[in-house]
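Only one structure is covered here, and it is reproduced in the block below.
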Amino acid sequence: MNRKILIGAAVVALGASVLLGVGAQAAVPVSTVGGSIPVGKNPTSVAVSPDGARVMVTNSGDSTVSTIDAETGQVVATADMGIASANFVAISPDSSVAYATLPTSNRVAVIDAHTGSYTSFIGVGLSPVSVAFSPDGTKAYVANKKSDNISVIDVVTNTLKGGIFLPPNTKPHSVTFSPDGKTAYVVADYNLLYVIDVATDTIRTGITVRQFPQSVSFSPDGKTAFVTTQGDATLDIVDVSTQLKTRSVIIPPNAGQIAVSPDGTAAYFVGTSQGKVQVFDIASQALLDPITVPTSYTTGLAISHDGTKMYVTASGEYNNDTETEANGSVQLIGLTPTPTPTPTPTPTPTAGPETTPVAGTTPAADTTPAATTLAATGLDAGAFGMIAGAAGILALLGTALTVNRRRKAL
């Protein structure tokens with residue numbers, strides 16, 4: 001018998017046993033395009049407060065920050081940043097304060113997340129374009145594109161604490177904390193992610209990805225990072241434990257901000273084409289049909305912490321005749337979890353009446369299904385599948401050894 005065939009059969013058996021041992025995967029939530037909330041001109045980013053009460057939007061076209069009541073879907077406050085163009089907004093873990101980056105004035109605006117009014121400004125580096133709060137809410141990192149550094153803000157006092165300097169011409173433009181708060185990934189130009197040690201505020205290492213990365217989002221368990229890139233139009237997947245890129249998936253060009261759903265089933269990203277939100281199925285590692293929203297270009301997105309709503313910022317149409325831009329909007333998309341199919345339980349045989357064996361006869365064999373018998377010992381169907389697959393491998397290998405010995409004997 002051909003050894004290669006036997007080995008191939010053994011691998012198939014092992015694969016089958018592993019598949020049997022894997023439970024049903026949760027499906028990507030069903031999306032439903034809801035209402036449209038008018039905001040300022042050229043909205044560029046959106047954030048949802050962890051308590052789900054507020055949604056905040058930066059409007060770079062008119063230098064304002066809109067605050068939306070999440071329950072009513074109405075704008076309840078608009079903070080005017082003057083001549084400073086508001087670019088990116090983030091809300092603290094306790095939902096009390098928001099930071100908005102102001103690239104043209106080299107400052108970060110401190111905004112009361114409940115009232116929507118700004119209370120002070122914090123001077124940072126040159127051209128701050130992104131900001132993120134640490135999960136414990138004690139510090140915030142600001143990416144300064146023109147000074148090649150990360151400003152560290154003490155959130156308790158709303159003051160500048162220090163800085164993390166990157167190599168020249170790296171142009172950092174996005175920063176994201178890992179779920180455990182131990183590291184932060186900084187997106188720089190060209191093909192690098194810088195990994196920051198949050199405890200020491202120092203660079204730990206760099207991760208090579210495809211050309212011109214744009215945005216990073218982590219899986220809820222923090223084991224995987226998803227990176228959109230524009231130079232090669234890919235979605236790069238990074239193994240956080242090894243800090244290596246494991247795969248690149250071709251996606252539509254010009255992808256921007258990305259966000260992973262709280263249940264870890266999908267990654268959503270914007271910026272690729274007119275009125276589209278791209279959907280990446282994490283389980284199958286494949287792009288699904290995009291979500292179409294009635295708007296021009298999608299620019300930013302955020303998902304509520306309960307995973308039921310997604311907010312997408314969309315720019316308004318530019319009027320060439322008047323050389324003016326229409327107000328933008330926030331598109332509301334409902335996300336309904338898809339129920340995971342429940343496996344059909346194996347029926348438990350009904351015990352029949354006890355019988356006394358007749359002298360000189362052999363008791364009847366136990367006809368209880370193997371899976372049911374194993375279930376009684378605490379093993380589920382998945383474990384049974386793995387055991388059955390392993391037994392199949394052993395049987396095949398035993399056959400191979402027997403045949404090999406016979407051939408030698410001949």
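Labels for the structure tokens follow display order: chains A, B, ..., residues from 1 in each chain, ligands from 1.
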
How close does region 40-144 of chain A get to region 300-314 of chain A? List, as a Markdown table, each residue of region 40-144 of chain A within 10 Å, its nearest atom pair and the distance in Å to one decimal, counting only C-alpha atoms.
```
| residue | atom | partner | partner_atom | distance |
| --- | --- | --- | --- | --- |
| A:Lys41 | CA | A:Ala314 | CA | 9.5 |
| A:Asn42 | CA | A:Ala314 | CA | 7.4 |
| A:Pro43 | CA | A:Thr313 | CA | 5.9 |
| A:Thr44 | CA | A:Gly300 | CA | 5.8 |
| A:Ser45 | CA | A:Gly300 | CA | 4.7 |
| A:Val46 | CA | A:Leu301 | CA | 5.9 |
| A:Ala47 | CA | A:Ala302 | CA | 5.6 |
| A:Val48 | CA | A:Ser304 | CA | 5.9 |
| A:Ser49 | CA | A:Ser304 | CA | 7.7 |
| A:Pro50 | CA | A:His305 | CA | 6.0 |
| A:Asp51 | CA | A:His305 | CA | 7.8 |
| A:Gly52 | CA | A:Ser304 | CA | 6.5 |
| A:Ala53 | CA | A:Ser304 | CA | 9.8 |
| A:Arg54 | CA | A:Ser304 | CA | 10.0 |
| A:Val55 | CA | A:Tyr311 | CA | 8.4 |
| A:Val57 | CA | A:Thr313 | CA | 7.8 |
| A:Thr58 | CA | A:Thr313 | CA | 9.3 |
| A:Asn59 | CA | A:Thr313 | CA | 9.5 |
| A:Ala70 | CA | A:Ser304 | CA | 9.8 |
| A:Phe88 | CA | A:Gly300 | CA | 9.4 |
```

- Item | Interatomic distance, CA of Ala26 (chain A) to CA of Gln257 (chain A) (Å, one decimal) | 24.0 Å

- Task: Write out as a VMD selection string the residues lying within 10 Å of Ser105 (chain A), counting only C-alpha atoms and excluding same-chain residues fewer than 2 positions away.
- Result: chain A and resid 81 83 to 86 101 to 103 107 to 108 123 to 128

- Taking the backbone alone, and naming residues the way the document does, which bits of region 100-172 of chain A are strand (DSSP E or B) by DSSP, as a VMD selection string? chain A and resid 100 to 102 107 to 112 118 to 123 128 to 133 139 to 144 149 to 154 159 to 165

- Item | Residue nearest Thr115 (chain A) - candidates A:Asn158, A:Leu288, A:Gly231, A:Val76, atoms counted: only C-alpha atoms | A:Val76

- Query: If you measure from CA of Ser60 (chain A) to CA of Ser31 (chain A), what distance in Å do you get, rounded to one decimal?
  - Reply: 28.1 Å

- Task: Between A:Thr298, A:Thr170, A:Ser66, A:Ser284, single out the one closest to Pro38 (chain A), counting only C-alpha atoms.
- Result: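 For Pro38 (chain A), the nearest of the candidates is A:Ser66.
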
- Would you please work out which residue, of A:Val30, A:Leu235, A:Ala225, A:Val156, is nearest to Thr138 (chain A) when using only C-alpha atoms? A:Val156

- Report the distance between CA of Phe218 (chain A) and CA of Asp180 (chain A) in Å, rounded to one decimal place.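 CA of Phe218 (chain A) sits 10.5 Å away from CA of Asp180 (chain A).
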
Quick one: residues within 9 Å of Pro220 (chain A), only C-alpha atoms counted, chain neighbours fewer than 4 positions away excluded, as a compact mmCIF listing (two decimals) with N, CA and C atoms, in the first residue's frame?
```txt
# COMPACT_ATOMS: atom_id res chain seq x y z
N PRO A 179 -6.70 46.03 23.93
CA PRO A 179 -7.77 45.89 24.93
C PRO A 179 -7.26 45.79 26.37
N THR A 224 -5.51 39.58 17.99
CA THR A 224 -5.32 39.90 16.58
C THR A 224 -5.54 41.39 16.34
N VAL A 260 -13.59 46.81 14.74
CA VAL A 260 -14.03 45.42 14.91
C VAL A 260 -15.25 45.42 15.82
N SER A 261 -16.24 44.62 15.48
CA SER A 261 -17.46 44.54 16.28
C SER A 261 -17.15 43.97 17.66
N PRO A 262 -17.89 44.38 18.69
CA PRO A 262 -17.64 43.90 20.05
C PRO A 262 -17.73 42.38 20.20
N ASP A 263 -18.51 41.72 19.33
CA ASP A 263 -18.60 40.26 19.42
C ASP A 263 -17.48 39.56 18.65
N GLY A 264 -16.63 40.33 17.96
CA GLY A 264 -15.48 39.77 17.27
C GLY A 264 -15.79 39.03 15.99
```

- Message: Env of Thr295 (chain A): 8 Å cut, atoms = only C-alpha atoms, seq-sep filter 2 positions within chain, self excluded. Answer as a PyMOL selection string.
- Response: chain A and resi 274-275+293+297-298+314-316

- Task: Identify which of the residues A:Ala326, A:Ile68, A:Ile291, A:Ala259 lies closest to Gly34 (chain A), counting only C-alpha atoms when measuring atom-to-atom distances.
- Result: A:Ile291

- Query: Quick one: residues within 7 Å of Asp232 (chain A), only C-alpha atoms counted, chain neighbours fewer than 2 positions away excluded, as a list in words?
  - Reply: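 Final neighbour list, sorted by chain and number: Arg210, Gln211, Thr229, Gln230 and Thr234 of chain A.
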
Using only C-alpha atoms, determine which residues lie at most 8 Å from Ile258 (chain A), disregarding the query and same-chain residues fewer than 2 positions distant; provide the list as a PDB file with all heavy atoms, in the first residue's frame.
```pdb
ATOM      1  N   SER A 215      -5.227  52.617   9.578  1.00  0.00           N
ATOM      2  CA  SER A 215      -5.968  52.493  10.835  1.00  0.00           C
ATOM      3  C   SER A 215      -5.821  51.083  11.387  1.00  0.00           C
ATOM      4  O   SER A 215      -5.624  50.124  10.627  1.00  0.00           O
ATOM      5  CB  SER A 215      -7.444  52.833  10.589  1.00  0.00           C
ATOM      6  OG  SER A 215      -8.216  52.681  11.761  1.00  0.00           O
ATOM      7  N   VAL A 216      -5.929  50.953  12.727  1.00  0.00           N
ATOM      8  CA  VAL A 216      -5.808  49.664  13.399  1.00  0.00           C
ATOM      9  C   VAL A 216      -6.996  49.455  14.328  1.00  0.00           C
ATOM     10  O   VAL A 216      -7.466  50.390  14.982  1.00  0.00           O
ATOM     11  CB  VAL A 216      -4.508  49.583  14.234  1.00  0.00           C
ATOM     12  CG1 VAL A 216      -4.452  48.281  15.024  1.00  0.00           C
ATOM     13  CG2 VAL A 216      -3.284  49.696  13.355  1.00  0.00           C
ATOM     14  N   SER A 217      -7.474  48.208  14.387  1.00  0.00           N
ATOM     15  CA  SER A 217      -8.483  47.833  15.372  1.00  0.00           C
ATOM     16  C   SER A 217      -8.185  46.416  15.849  1.00  0.00           C
ATOM     17  O   SER A 217      -7.783  45.564  15.054  1.00  0.00           O
ATOM     18  CB  SER A 217      -9.894  47.902  14.770  1.00  0.00           C
ATOM     19  OG  SER A 217     -10.878  47.664  15.771  1.00  0.00           O
ATOM     20  N   PHE A 226      -6.128  44.232  13.152  1.00  0.00           N
ATOM     21  CA  PHE A 226      -6.512  44.373  11.755  1.00  0.00           C
ATOM     22  C   PHE A 226      -6.099  45.768  11.286  1.00  0.00           C
ATOM     23  O   PHE A 226      -6.427  46.768  11.934  1.00  0.00           O
ATOM     24  CB  PHE A 226      -8.012  44.160  11.583  1.00  0.00           C
ATOM     25  CG  PHE A 226      -8.479  42.793  12.004  1.00  0.00           C
ATOM     26  CD1 PHE A 226      -8.835  42.541  13.327  1.00  0.00           C
ATOM     27  CD2 PHE A 226      -8.537  41.744  11.089  1.00  0.00           C
ATOM     28  CE1 PHE A 226      -9.244  41.277  13.726  1.00  0.00           C
ATOM     29  CE2 PHE A 226      -8.942  40.482  11.479  1.00  0.00           C
ATOM     30  CZ  PHE A 226      -9.295  40.234  12.798  1.00  0.00           C
ATOM     31  N   VAL A 227      -5.393  45.819  10.153  1.00  0.00           N
ATOM     32  CA  VAL A 227      -4.797  47.074   9.681  1.00  0.00           C
ATOM     33  C   VAL A 227      -5.225  47.339   8.238  1.00  0.00           C
ATOM     34  O   VAL A 227      -5.009  46.505   7.359  1.00  0.00           O
ATOM     35  CB  VAL A 227      -3.256  47.006   9.739  1.00  0.00           C
ATOM     36  CG1 VAL A 227      -2.649  48.366   9.416  1.00  0.00           C
ATOM     37  CG2 VAL A 227      -2.784  46.505  11.092  1.00  0.00           C
ATOM     38  N   THR A 228      -5.817  48.498   7.999  1.00  0.00           N
ATOM     39  CA  THR A 228      -6.118  48.884   6.618  1.00  0.00           C
ATOM     40  C   THR A 228      -4.901  49.583   6.032  1.00  0.00           C
ATOM     41  O   THR A 228      -4.236  50.381   6.699  1.00  0.00           O
ATOM     42  CB  THR A 228      -7.327  49.828   6.542  1.00  0.00           C
ATOM     43  OG1 THR A 228      -7.117  50.947   7.432  1.00  0.00           O
ATOM     44  CG2 THR A 228      -8.610  49.113   6.934  1.00  0.00           C
ATOM     45  N   GLY A 256      -9.961  53.446   4.883  1.00  0.00           N
ATOM     46  CA  GLY A 256      -9.571  54.323   5.979  1.00  0.00           C
ATOM     47  C   GLY A 256      -9.786  53.685   7.323  1.00  0.00           C
ATOM     48  O   GLY A 256      -9.256  52.616   7.613  1.00  0.00           O
ATOM     49  N   VAL A 260     -13.588  46.808  14.739  1.00  0.00           N
ATOM     50  CA  VAL A 260     -14.029  45.423  14.909  1.00  0.00           C
ATOM     51  C   VAL A 260     -15.248  45.416  15.816  1.00  0.00           C
ATOM     52  O   VAL A 260     -15.302  46.129  16.824  1.00  0.00           O
ATOM     53  CB  VAL A 260     -12.910  44.550  15.512  1.00  0.00           C
ATOM     54  CG1 VAL A 260     -13.405  43.143  15.814  1.00  0.00           C
ATOM     55  CG2 VAL A 260     -11.718  44.481  14.559  1.00  0.00           C
ATOM     56  N   ALA A 267     -15.117  42.922  10.925  1.00  0.00           N
ATOM     57  CA  ALA A 267     -14.391  44.190  10.908  1.00  0.00           C
ATOM     58  C   ALA A 267     -15.026  45.059   9.837  1.00  0.00           C
ATOM     59  O   ALA A 267     -15.251  44.601   8.709  1.00  0.00           O
ATOM     60  CB  ALA A 267     -12.910  43.969  10.620  1.00  0.00           C
ATOM     61  N   TYR A 268     -15.333  46.291  10.180  1.00  0.00           N
ATOM     62  CA  TYR A 268     -15.960  47.229   9.251  1.00  0.00           C
ATOM     63  C   TYR A 268     -14.970  48.363   8.959  1.00  0.00           C
ATOM     64  O   TYR A 268     -14.276  48.845   9.852  1.00  0.00           O
ATOM     65  CB  TYR A 268     -17.227  47.822   9.858  1.00  0.00           C
ATOM     66  CG  TYR A 268     -18.271  46.799  10.249  1.00  0.00           C
ATOM     67  CD1 TYR A 268     -18.293  46.247  11.527  1.00  0.00           C
ATOM     68  CD2 TYR A 268     -19.253  46.398   9.350  1.00  0.00           C
ATOM     69  CE1 TYR A 268     -19.253  45.317  11.890  1.00  0.00           C
ATOM     70  CE2 TYR A 268     -20.232  45.469   9.705  1.00  0.00           C
ATOM     71  CZ  TYR A 268     -20.221  44.929  10.977  1.00  0.00           C
ATOM     72  OH  TYR A 268     -21.166  44.005  11.341  1.00  0.00           O
ATOM     73  N   PHE A 269     -14.907  48.799   7.704  1.00  0.00           N
ATOM     74  CA  PHE A 269     -14.045  49.928   7.389  1.00  0.00           C
ATOM     75  C   PHE A 269     -14.659  50.776   6.288  1.00  0.00           C
ATOM     76  O   PHE A 269     -15.484  50.317   5.494  1.00  0.00           O
ATOM     77  CB  PHE A 269     -12.627  49.481   7.018  1.00  0.00           C
ATOM     78  CG  PHE A 269     -12.521  48.473   5.914  1.00  0.00           C
ATOM     79  CD1 PHE A 269     -12.303  48.864   4.604  1.00  0.00           C
ATOM     80  CD2 PHE A 269     -12.625  47.119   6.183  1.00  0.00           C
ATOM     81  CE1 PHE A 269     -12.187  47.929   3.584  1.00  0.00           C
ATOM     82  CE2 PHE A 269     -12.511  46.170   5.174  1.00  0.00           C
ATOM     83  CZ  PHE A 269     -12.288  46.579   3.871  1.00  0.00           C
ATOM     84  N   VAL A 270     -14.248  52.050   6.273  1.00  0.00           N
ATOM     85  CA  VAL A 270     -14.860  53.033   5.372  1.00  0.00           C
ATOM     86  C   VAL A 270     -13.803  53.638   4.460  1.00  0.00           C
ATOM     87  O   VAL A 270     -12.616  53.341   4.560  1.00  0.00           O
ATOM     88  CB  VAL A 270     -15.539  54.152   6.178  1.00  0.00           C
ATOM     89  CG1 VAL A 270     -16.705  53.621   6.978  1.00  0.00           C
ATOM     90  CG2 VAL A 270     -14.519  54.846   7.082  1.00  0.00           C
ATOM     91  N   LEU A 301     -16.081  55.910  11.337  1.00  0.00           N
ATOM     92  CA  LEU A 301     -17.135  55.065  11.899  1.00  0.00           C
ATOM     93  C   LEU A 301     -16.816  54.710  13.338  1.00  0.00           C
ATOM     94  O   LEU A 301     -15.657  54.750  13.776  1.00  0.00           O
ATOM     95  CB  LEU A 301     -17.331  53.796  11.079  1.00  0.00           C
ATOM     96  CG  LEU A 301     -16.379  52.608  11.289  1.00  0.00           C
ATOM     97  CD1 LEU A 301     -16.935  51.357  10.639  1.00  0.00           C
ATOM     98  CD2 LEU A 301     -14.997  52.900  10.726  1.00  0.00           C
TER      99      LEU A 301
END
```
